[in-house]
Structure formats: C-alpha cells, structure tokens
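The data block below is model.txt; it holds compact mmCIF, N, CA, C and O atoms.
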```
# COMPACT_ATOMS: atom_id res chain seq x y z
N MET A 58 20.04 154.94 129.03
CA MET A 58 19.47 154.00 129.96
C MET A 58 19.51 152.61 129.34
O MET A 58 19.17 152.42 128.18
N HIS A 59 19.92 151.64 130.13
CA HIS A 59 19.98 150.26 129.65
C HIS A 59 18.71 149.52 130.02
O HIS A 59 18.24 149.59 131.15
N GLN A 60 18.17 148.82 129.07
CA GLN A 60 16.99 148.02 129.33
C GLN A 60 17.44 146.58 129.55
O GLN A 60 18.30 146.08 128.83
N THR A 61 16.89 145.95 130.56
CA THR A 61 17.25 144.56 130.83
C THR A 61 16.03 143.68 130.65
O THR A 61 14.89 144.11 130.81
N SER A 62 16.30 142.43 130.30
CA SER A 62 15.23 141.45 130.19
C SER A 62 15.81 140.07 130.51
O SER A 62 16.99 139.82 130.30
N ALA A 63 14.96 139.22 131.02
CA ALA A 63 15.38 137.86 131.35
C ALA A 63 14.96 136.93 130.23
O ALA A 63 13.87 137.04 129.68
N ILE A 64 15.85 136.02 129.89
CA ILE A 64 15.58 135.01 128.88
C ILE A 64 15.91 133.66 129.49
O ILE A 64 17.06 133.40 129.88
N LEU A 65 14.92 132.79 129.60
CA LEU A 65 15.14 131.46 130.15
C LEU A 65 15.88 130.62 129.11
O LEU A 65 15.39 130.43 128.00
N LEU A 66 17.05 130.15 129.48
CA LEU A 66 17.87 129.37 128.55
C LEU A 66 17.71 127.87 128.72
O LEU A 66 18.18 127.10 127.90
N GLY A 67 17.07 127.47 129.79
CA GLY A 67 16.88 126.05 129.98
C GLY A 67 16.29 125.73 131.33
O GLY A 67 16.28 126.56 132.24
N PHE A 68 15.78 124.53 131.43
CA PHE A 68 15.16 124.06 132.66
C PHE A 68 15.38 122.56 132.71
O PHE A 68 15.29 121.86 131.70
N HIS A 69 15.67 122.06 133.90
CA HIS A 69 15.85 120.62 134.07
C HIS A 69 15.32 120.23 135.44
O HIS A 69 15.73 120.79 136.45
N GLY A 70 14.40 119.31 135.49
CA GLY A 70 13.90 118.80 136.76
C GLY A 70 14.81 117.68 137.26
O GLY A 70 15.06 116.71 136.54
N ALA A 71 15.34 117.83 138.45
CA ALA A 71 16.23 116.83 139.04
C ALA A 71 15.53 116.19 140.23
O ALA A 71 14.87 116.87 141.01
N ALA A 72 15.71 114.91 140.39
CA ALA A 72 15.02 114.16 141.44
C ALA A 72 15.71 114.23 142.80
O ALA A 72 15.15 113.78 143.79
N SER A 73 16.92 114.78 142.85
CA SER A 73 17.65 114.82 144.12
C SER A 73 18.61 116.01 144.12
O SER A 73 18.96 116.53 143.05
N PRO A 74 19.05 116.42 145.31
CA PRO A 74 20.06 117.49 145.37
C PRO A 74 21.33 117.14 144.60
O PRO A 74 21.92 118.00 143.95
N HIS A 75 21.75 115.89 144.65
CA HIS A 75 22.97 115.49 143.93
C HIS A 75 22.80 115.64 142.42
O HIS A 75 23.72 116.09 141.73
N LEU A 76 21.63 115.28 141.90
CA LEU A 76 21.39 115.44 140.47
C LEU A 76 21.27 116.91 140.10
O LEU A 76 21.70 117.32 139.02
N ALA A 77 20.71 117.72 140.99
CA ALA A 77 20.64 119.16 140.74
C ALA A 77 22.05 119.75 140.69
O ALA A 77 22.35 120.60 139.83
N LEU A 78 22.92 119.32 141.60
CA LEU A 78 24.31 119.81 141.59
C LEU A 78 25.02 119.38 140.31
O LEU A 78 25.77 120.16 139.73
N ARG A 79 24.76 118.17 139.86
CA ARG A 79 25.37 117.71 138.60
C ARG A 79 24.94 118.63 137.46
O ARG A 79 25.75 119.02 136.62
N TRP A 80 23.64 118.99 137.42
CA TRP A 80 23.14 119.90 136.39
C TRP A 80 23.84 121.26 136.50
O TRP A 80 24.25 121.83 135.49
N LEU A 81 23.97 121.78 137.73
CA LEU A 81 24.66 123.07 137.91
C LEU A 81 26.09 123.01 137.40
O LEU A 81 26.57 123.95 136.76
N ARG A 82 26.78 121.91 137.67
CA ARG A 82 28.16 121.76 137.19
C ARG A 82 28.21 121.76 135.67
O ARG A 82 29.06 122.42 135.06
N GLU A 83 27.31 120.99 135.04
CA GLU A 83 27.29 120.92 133.58
C GLU A 83 26.99 122.29 132.96
O GLU A 83 27.67 122.71 132.03
N ARG A 84 25.98 122.98 133.48
CA ARG A 84 25.62 124.28 132.93
C ARG A 84 26.73 125.30 133.17
O ARG A 84 27.03 126.12 132.31
N THR A 85 27.35 125.26 134.36
CA THR A 85 28.45 126.17 134.65
C THR A 85 29.61 125.93 133.68
O THR A 85 30.21 126.87 133.17
N SER A 86 29.89 124.68 133.41
CA SER A 86 30.95 124.34 132.46
C SER A 86 30.62 124.89 131.07
O SER A 86 31.48 125.47 130.39
N HIS A 87 29.36 124.74 130.64
CA HIS A 87 28.95 125.25 129.33
C HIS A 87 29.09 126.77 129.25
O HIS A 87 29.57 127.30 128.25
N VAL A 88 28.66 127.46 130.30
CA VAL A 88 28.74 128.92 130.30
C VAL A 88 30.19 129.38 130.31
O VAL A 88 30.59 130.25 129.52
N THR A 89 31.02 128.80 131.18
CA THR A 89 32.42 129.24 131.26
C THR A 89 33.17 128.96 129.96
O THR A 89 34.07 129.73 129.60
N ASP A 90 32.81 127.89 129.26
CA ASP A 90 33.44 127.60 127.97
C ASP A 90 33.22 128.71 126.95
O ASP A 90 33.99 128.86 126.02
N GLN A 91 32.15 129.47 127.12
CA GLN A 91 31.79 130.50 126.15
C GLN A 91 32.26 131.90 126.56
O GLN A 91 32.15 132.84 125.77
N LEU A 92 32.77 132.03 127.77
CA LEU A 92 33.22 133.35 128.25
C LEU A 92 34.70 133.55 128.00
O LEU A 92 35.47 132.59 127.96
N ASP A 93 35.11 134.81 127.89
CA ASP A 93 36.54 135.12 127.84
C ASP A 93 37.16 134.67 129.16
O ASP A 93 36.49 134.63 130.20
N ALA A 94 38.45 134.39 129.14
CA ALA A 94 39.15 133.81 130.29
C ALA A 94 38.93 134.58 131.59
O ALA A 94 38.67 133.97 132.63
N ALA A 95 39.02 135.88 131.55
CA ALA A 95 38.87 136.67 132.79
C ALA A 95 37.47 136.50 133.38
O ALA A 95 37.31 136.40 134.60
N TYR A 96 36.46 136.46 132.55
CA TYR A 96 35.09 136.30 133.03
C TYR A 96 34.79 134.84 133.40
O TYR A 96 33.91 134.57 134.22
N ALA A 97 35.47 133.91 132.79
CA ALA A 97 35.26 132.49 133.07
C ALA A 97 35.88 132.06 134.39
O ALA A 97 35.45 131.07 134.99
N GLN A 98 36.87 132.79 134.88
CA GLN A 98 37.62 132.38 136.07
C GLN A 98 36.74 132.08 137.28
O GLN A 98 36.94 131.04 137.92
N PRO A 99 35.77 132.92 137.65
CA PRO A 99 34.94 132.57 138.82
C PRO A 99 34.18 131.26 138.64
O PRO A 99 34.07 130.46 139.57
N GLY A 100 33.67 131.02 137.44
CA GLY A 100 32.97 129.76 137.18
C GLY A 100 33.90 128.57 137.22
O GLY A 100 33.55 127.52 137.75
N CYS A 101 35.10 128.74 136.67
CA CYS A 101 36.09 127.65 136.71
C CYS A 101 36.48 127.34 138.15
O CYS A 101 36.62 126.17 138.53
N HIS A 102 36.62 128.38 138.96
CA HIS A 102 36.92 128.17 140.38
C HIS A 102 35.77 127.43 141.05
O HIS A 102 36.00 126.48 141.81
N TRP A 103 34.53 127.84 140.78
CA TRP A 103 33.37 127.19 141.39
C TRP A 103 33.33 125.71 141.03
O TRP A 103 32.98 124.88 141.87
N LEU A 104 33.70 125.38 139.80
CA LEU A 104 33.66 123.98 139.36
C LEU A 104 34.56 123.07 140.19
O LEU A 104 34.31 121.87 140.27
N THR A 105 35.60 123.62 140.78
CA THR A 105 36.53 122.80 141.57
C THR A 105 36.40 123.03 143.08
O THR A 105 37.18 122.47 143.85
N ASP A 106 35.44 123.83 143.49
CA ASP A 106 35.28 124.19 144.90
C ASP A 106 34.36 123.20 145.61
O ASP A 106 33.16 123.41 145.70
N GLU A 107 34.95 122.12 146.12
CA GLU A 107 34.16 121.06 146.76
C GLU A 107 33.40 121.57 147.99
O GLU A 107 32.28 121.14 148.26
N ALA A 108 33.99 122.50 148.74
CA ALA A 108 33.30 123.04 149.91
C ALA A 108 32.03 123.78 149.49
O ALA A 108 30.98 123.66 150.15
N GLU A 109 32.09 124.51 148.39
CA GLU A 109 30.91 125.21 147.90
C GLU A 109 29.86 124.23 147.37
O GLU A 109 28.67 124.44 147.52
N HIS A 110 30.32 123.14 146.77
CA HIS A 110 29.38 122.12 146.31
C HIS A 110 28.64 121.50 147.49
O HIS A 110 27.43 121.25 147.42
N GLU A 111 29.36 121.26 148.58
CA GLU A 111 28.71 120.72 149.79
C GLU A 111 27.70 121.72 150.35
O GLU A 111 26.62 121.34 150.81
N ARG A 112 28.05 122.99 150.29
CA ARG A 112 27.12 124.03 150.74
C ARG A 112 25.86 124.02 149.89
O ARG A 112 24.74 124.10 150.40
N ALA A 113 26.02 123.90 148.58
CA ALA A 113 24.86 123.83 147.68
C ALA A 113 23.99 122.63 148.01
O ALA A 113 22.76 122.74 148.06
N LEU A 114 24.61 121.49 148.24
CA LEU A 114 23.85 120.28 148.60
C LEU A 114 23.09 120.47 149.90
O LEU A 114 21.93 120.05 150.03
N THR A 115 23.72 121.10 150.87
CA THR A 115 23.06 121.38 152.15
C THR A 115 21.87 122.29 151.95
O THR A 115 20.79 122.03 152.49
N TYR A 116 22.04 123.34 151.18
CA TYR A 116 20.92 124.25 150.88
C TYR A 116 19.75 123.46 150.29
O TYR A 116 18.62 123.57 150.75
N LEU A 117 20.03 122.70 149.26
CA LEU A 117 18.97 121.98 148.56
C LEU A 117 18.32 120.93 149.45
O LEU A 117 17.10 120.77 149.43
N ALA A 118 19.12 120.24 150.25
CA ALA A 118 18.58 119.19 151.12
C ALA A 118 17.71 119.77 152.24
O ALA A 118 16.84 119.07 152.76
N THR A 119 17.94 121.03 152.59
CA THR A 119 17.15 121.64 153.67
C THR A 119 16.05 122.55 153.13
O THR A 119 15.46 123.32 153.89
N GLY A 120 15.80 122.49 151.82
CA GLY A 120 14.67 123.23 151.25
C GLY A 120 14.96 124.64 150.78
O GLY A 120 14.05 125.41 150.54
N THR A 121 16.23 124.99 150.63
CA THR A 121 16.61 126.34 150.20
C THR A 121 17.18 126.28 148.79
O THR A 121 17.98 125.39 148.47
N ALA A 122 16.80 127.23 147.95
CA ALA A 122 17.34 127.31 146.60
C ALA A 122 18.81 127.72 146.66
O ALA A 122 19.25 128.40 147.59
N TYR A 123 19.57 127.34 145.64
CA TYR A 123 20.98 127.71 145.53
C TYR A 123 21.16 128.44 144.20
O TYR A 123 20.66 127.99 143.17
N GLN A 124 21.88 129.55 144.22
CA GLN A 124 22.08 130.37 143.03
C GLN A 124 23.55 130.63 142.77
O GLN A 124 24.31 130.93 143.70
N LEU A 125 23.93 130.55 141.52
CA LEU A 125 25.28 130.89 141.07
C LEU A 125 25.12 131.89 139.93
O LEU A 125 24.37 131.64 138.98
N THR A 126 25.81 133.02 140.02
CA THR A 126 25.72 134.05 138.98
C THR A 126 27.09 134.25 138.34
O THR A 126 28.08 134.45 139.03
N LEU A 127 27.11 134.18 137.02
CA LEU A 127 28.30 134.44 136.23
C LEU A 127 27.96 135.58 135.28
O LEU A 127 26.80 135.79 134.95
N TYR A 128 28.96 136.32 134.83
CA TYR A 128 28.67 137.46 133.95
C TYR A 128 29.87 137.80 133.08
O TYR A 128 31.00 137.37 133.35
N ASP A 129 29.57 138.56 132.04
CA ASP A 129 30.61 139.18 131.25
C ASP A 129 30.22 140.66 131.09
O ASP A 129 29.43 141.16 131.89
N GLU A 130 30.76 141.33 130.11
CA GLU A 130 30.53 142.77 129.98
C GLU A 130 29.06 143.13 129.79
O GLU A 130 28.62 144.19 130.22
N SER A 131 28.30 142.28 129.13
CA SER A 131 26.93 142.66 128.79
C SER A 131 25.85 141.69 129.25
O SER A 131 24.67 141.99 129.11
N THR A 132 26.23 140.55 129.81
CA THR A 132 25.24 139.53 130.13
C THR A 132 25.50 138.94 131.50
O THR A 132 26.64 138.72 131.90
N ARG A 133 24.42 138.67 132.20
CA ARG A 133 24.49 137.99 133.50
C ARG A 133 23.79 136.65 133.35
O ARG A 133 22.67 136.57 132.87
N TYR A 134 24.48 135.57 133.75
CA TYR A 134 23.94 134.22 133.69
C TYR A 134 23.64 133.79 135.12
O TYR A 134 24.54 133.70 135.95
N VAL A 135 22.38 133.53 135.40
CA VAL A 135 21.96 133.16 136.74
C VAL A 135 21.50 131.71 136.70
O VAL A 135 20.50 131.39 136.04
N LEU A 136 22.24 130.85 137.38
CA LEU A 136 21.89 129.43 137.45
C LEU A 136 21.30 129.18 138.83
O LEU A 136 21.93 129.48 139.85
N ILE A 137 20.08 128.66 138.87
CA ILE A 137 19.39 128.46 140.13
C ILE A 137 18.89 127.03 140.21
O ILE A 137 18.28 126.52 139.27
N ALA A 138 19.16 126.39 141.34
CA ALA A 138 18.61 125.06 141.63
C ALA A 138 17.63 125.22 142.78
O ALA A 138 17.96 125.81 143.81
N TYR A 139 16.41 124.75 142.55
CA TYR A 139 15.38 124.79 143.58
C TYR A 139 15.22 123.39 144.17
O TYR A 139 15.30 122.40 143.44
N PRO A 140 14.98 123.28 145.47
CA PRO A 140 14.72 121.97 146.06
C PRO A 140 13.38 121.43 145.56
O PRO A 140 12.56 122.20 145.04
N PRO A 141 13.17 120.12 145.68
CA PRO A 141 11.87 119.57 145.27
C PRO A 141 10.72 120.35 145.91
O PRO A 141 10.76 120.69 147.08
N GLY A 142 9.74 120.69 145.08
CA GLY A 142 8.61 121.47 145.57
C GLY A 142 8.84 122.96 145.55
O GLY A 142 7.95 123.73 145.84
N GLY A 143 10.05 123.40 145.18
CA GLY A 143 10.35 124.83 145.10
C GLY A 143 9.69 125.44 143.89
O GLY A 143 9.22 124.76 142.99
N THR A 144 9.66 126.76 143.85
CA THR A 144 9.05 127.45 142.73
C THR A 144 10.11 127.88 141.73
O THR A 144 11.23 128.17 142.10
N THR A 145 9.73 127.92 140.49
CA THR A 145 10.63 128.33 139.41
C THR A 145 10.36 129.74 139.01
O THR A 145 9.36 130.30 139.30
```
Do you think you could lay out the structure here as structure tokens?
Amino acid sequence: MHQTSAILLGFHGAASPHLALRWLRERTSHVTDQLDAAYAQPGCHWLTDEAEHERALTYLATGTAYQLTLYDESTRYVLIAYPPGGTT
C-alpha cells in the first residue's frame, strides 16, 4: 500500500488574475525543468497554450480557482491559483 502526503512547496499572493497566471507560468516552468522529457511535455505544452491561459484568466476573473497538475512516476505537482478572497 502506498501512503500519500501533501507538502506545500510555496505560496504567492497575487493582486490580479494576470499576476496569478504569471506565477503559474513561472512555477510550471520550474517544475518542467526538473522533470524527465516525457513527463515535462504536458507542462511545456501548457506554457505555450494561449487559449488555456485565457481560460485560466476567465476562471480567476469570475471567482473560480484554476488548477494545473503535472506528475512523474512518483510525484504529483498540483499548482492552484485562487481568485482574490478564495481559500487556500
């Protein structure tokens, strides 16, 4: 049986959806830089997906959190941006 646990790797308060998206891009870039190429591919694709970035901005601007999950063989990285007033 595998035991799982969550470890908070960072937190950043952003004043606007655009700044939150900038943080998501930076963190996604950092995570993908550390993954093997096959596991990094979804994150690399997300970094260039302008339509998905617009979707994230829409979510945040309308009060909905946006989540991006990346993973490798043993670890799942969950990046979440909450709109102002959202819960962490």
Shell around stretch 109-126 of chain A at 9 Å using only C-alpha atoms, local window under 2 positions removed, as a PyMOL selection string: chain A and resi 73-75+77-78+81+85+100+103-107+128+133-143
Selected residues, N, CA, C and O atoms, written as a compact mmCIF listing (two decimals), in the frame of the given file, please.
```
# COMPACT_ATOMS: atom_id res chain seq x y z
N SER A 73 16.92 114.78 142.85
CA SER A 73 17.65 114.82 144.12
C SER A 73 18.61 116.01 144.12
O SER A 73 18.96 116.53 143.05
N PRO A 74 19.05 116.42 145.31
CA PRO A 74 20.06 117.49 145.37
C PRO A 74 21.33 117.14 144.60
O PRO A 74 21.92 118.00 143.95
N HIS A 75 21.75 115.89 144.65
CA HIS A 75 22.97 115.49 143.93
C HIS A 75 22.80 115.64 142.42
O HIS A 75 23.72 116.09 141.73
N ALA A 77 20.71 117.72 140.99
CA ALA A 77 20.64 119.16 140.74
C ALA A 77 22.05 119.75 140.69
O ALA A 77 22.35 120.60 139.83
N LEU A 78 22.92 119.32 141.60
CA LEU A 78 24.31 119.81 141.59
C LEU A 78 25.02 119.38 140.31
O LEU A 78 25.77 120.16 139.73
N LEU A 81 23.97 121.78 137.73
CA LEU A 81 24.66 123.07 137.91
C LEU A 81 26.09 123.01 137.40
O LEU A 81 26.57 123.95 136.76
N THR A 85 27.35 125.26 134.36
CA THR A 85 28.45 126.17 134.65
C THR A 85 29.61 125.93 133.68
O THR A 85 30.21 126.87 133.17
N GLY A 100 33.67 131.02 137.44
CA GLY A 100 32.97 129.76 137.18
C GLY A 100 33.90 128.57 137.22
O GLY A 100 33.55 127.52 137.75
N TRP A 103 34.53 127.84 140.78
CA TRP A 103 33.37 127.19 141.39
C TRP A 103 33.33 125.71 141.03
O TRP A 103 32.98 124.88 141.87
N LEU A 104 33.70 125.38 139.80
CA LEU A 104 33.66 123.98 139.36
C LEU A 104 34.56 123.07 140.19
O LEU A 104 34.31 121.87 140.27
N THR A 105 35.60 123.62 140.78
CA THR A 105 36.53 122.80 141.57
C THR A 105 36.40 123.03 143.08
O THR A 105 37.18 122.47 143.85
N ASP A 106 35.44 123.83 143.49
CA ASP A 106 35.28 124.19 144.90
C ASP A 106 34.36 123.20 145.61
O ASP A 106 33.16 123.41 145.70
N GLU A 107 34.95 122.12 146.12
CA GLU A 107 34.16 121.06 146.76
C GLU A 107 33.40 121.57 147.99
O GLU A 107 32.28 121.14 148.26
N TYR A 128 28.96 136.32 134.83
CA TYR A 128 28.67 137.46 133.95
C TYR A 128 29.87 137.80 133.08
O TYR A 128 31.00 137.37 133.35
N ARG A 133 24.42 138.67 132.20
CA ARG A 133 24.49 137.99 133.50
C ARG A 133 23.79 136.65 133.35
O ARG A 133 22.67 136.57 132.87
N TYR A 134 24.48 135.57 133.75
CA TYR A 134 23.94 134.22 133.69
C TYR A 134 23.64 133.79 135.12
O TYR A 134 24.54 133.70 135.95
N VAL A 135 22.38 133.53 135.40
CA VAL A 135 21.96 133.16 136.74
C VAL A 135 21.50 131.71 136.70
O VAL A 135 20.50 131.39 136.04
N LEU A 136 22.24 130.85 137.38
CA LEU A 136 21.89 129.43 137.45
C LEU A 136 21.30 129.18 138.83
O LEU A 136 21.93 129.48 139.85
N ILE A 137 20.08 128.66 138.87
CA ILE A 137 19.39 128.46 140.13
C ILE A 137 18.89 127.03 140.21
O ILE A 137 18.28 126.52 139.27
N ALA A 138 19.16 126.39 141.34
CA ALA A 138 18.61 125.06 141.63
C ALA A 138 17.63 125.22 142.78
O ALA A 138 17.96 125.81 143.81
N TYR A 139 16.41 124.75 142.55
CA TYR A 139 15.38 124.79 143.58
C TYR A 139 15.22 123.39 144.17
O TYR A 139 15.30 122.40 143.44
N PRO A 140 14.98 123.28 145.47
CA PRO A 140 14.72 121.97 146.06
C PRO A 140 13.38 121.43 145.56
O PRO A 140 12.56 122.20 145.04
N PRO A 141 13.17 120.12 145.68
CA PRO A 141 11.87 119.57 145.27
C PRO A 141 10.72 120.35 145.91
O PRO A 141 10.76 120.69 147.08
N GLY A 142 9.74 120.69 145.08
CA GLY A 142 8.61 121.47 145.57
C GLY A 142 8.84 122.96 145.55
O GLY A 142 7.95 123.73 145.84
N GLY A 143 10.05 123.40 145.18
CA GLY A 143 10.35 124.83 145.10
C GLY A 143 9.69 125.44 143.89
O GLY A 143 9.22 124.76 142.99
```
DSSP-assigned helix (DSSP H, G or I) members of chain A, reported as a PyMOL selection string: chain A and resi 74-91+94-104+107-118
Neighbour list for A:Tyr96 as a PDB file with N, CA, C and O atoms, in the frame of the given file, cut-off 7 Å, all atoms listed in the file, skip fewer than 6 positions in-chain:
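File written: out_0.pdb
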```
ATOM      1  N   THR A  89      31.020 128.800 131.180  1.00  0.00           N
ATOM      2  CA  THR A  89      32.420 129.240 131.260  1.00  0.00           C
ATOM      3  C   THR A  89      33.170 128.960 129.960  1.00  0.00           C
ATOM      4  O   THR A  89      34.070 129.730 129.600  1.00  0.00           O
ATOM      5  N   LEU A 127      27.110 134.180 137.020  1.00  0.00           N
ATOM      6  CA  LEU A 127      28.300 134.440 136.230  1.00  0.00           C
ATOM      7  C   LEU A 127      27.960 135.580 135.280  1.00  0.00           C
ATOM      8  O   LEU A 127      26.800 135.790 134.950  1.00  0.00           O
ATOM      9  N   TYR A 128      28.960 136.320 134.830  1.00  0.00           N
ATOM     10  CA  TYR A 128      28.670 137.460 133.950  1.00  0.00           C
ATOM     11  C   TYR A 128      29.870 137.800 133.080  1.00  0.00           C
ATOM     12  O   TYR A 128      31.000 137.370 133.350  1.00  0.00           O
ATOM     13  N   ASP A 129      29.570 138.560 132.040  1.00  0.00           N
ATOM     14  CA  ASP A 129      30.610 139.180 131.250  1.00  0.00           C
ATOM     15  C   ASP A 129      30.220 140.660 131.090  1.00  0.00           C
ATOM     16  O   ASP A 129      29.430 141.160 131.890  1.00  0.00           O
TER      17      ASP A 129
END
```
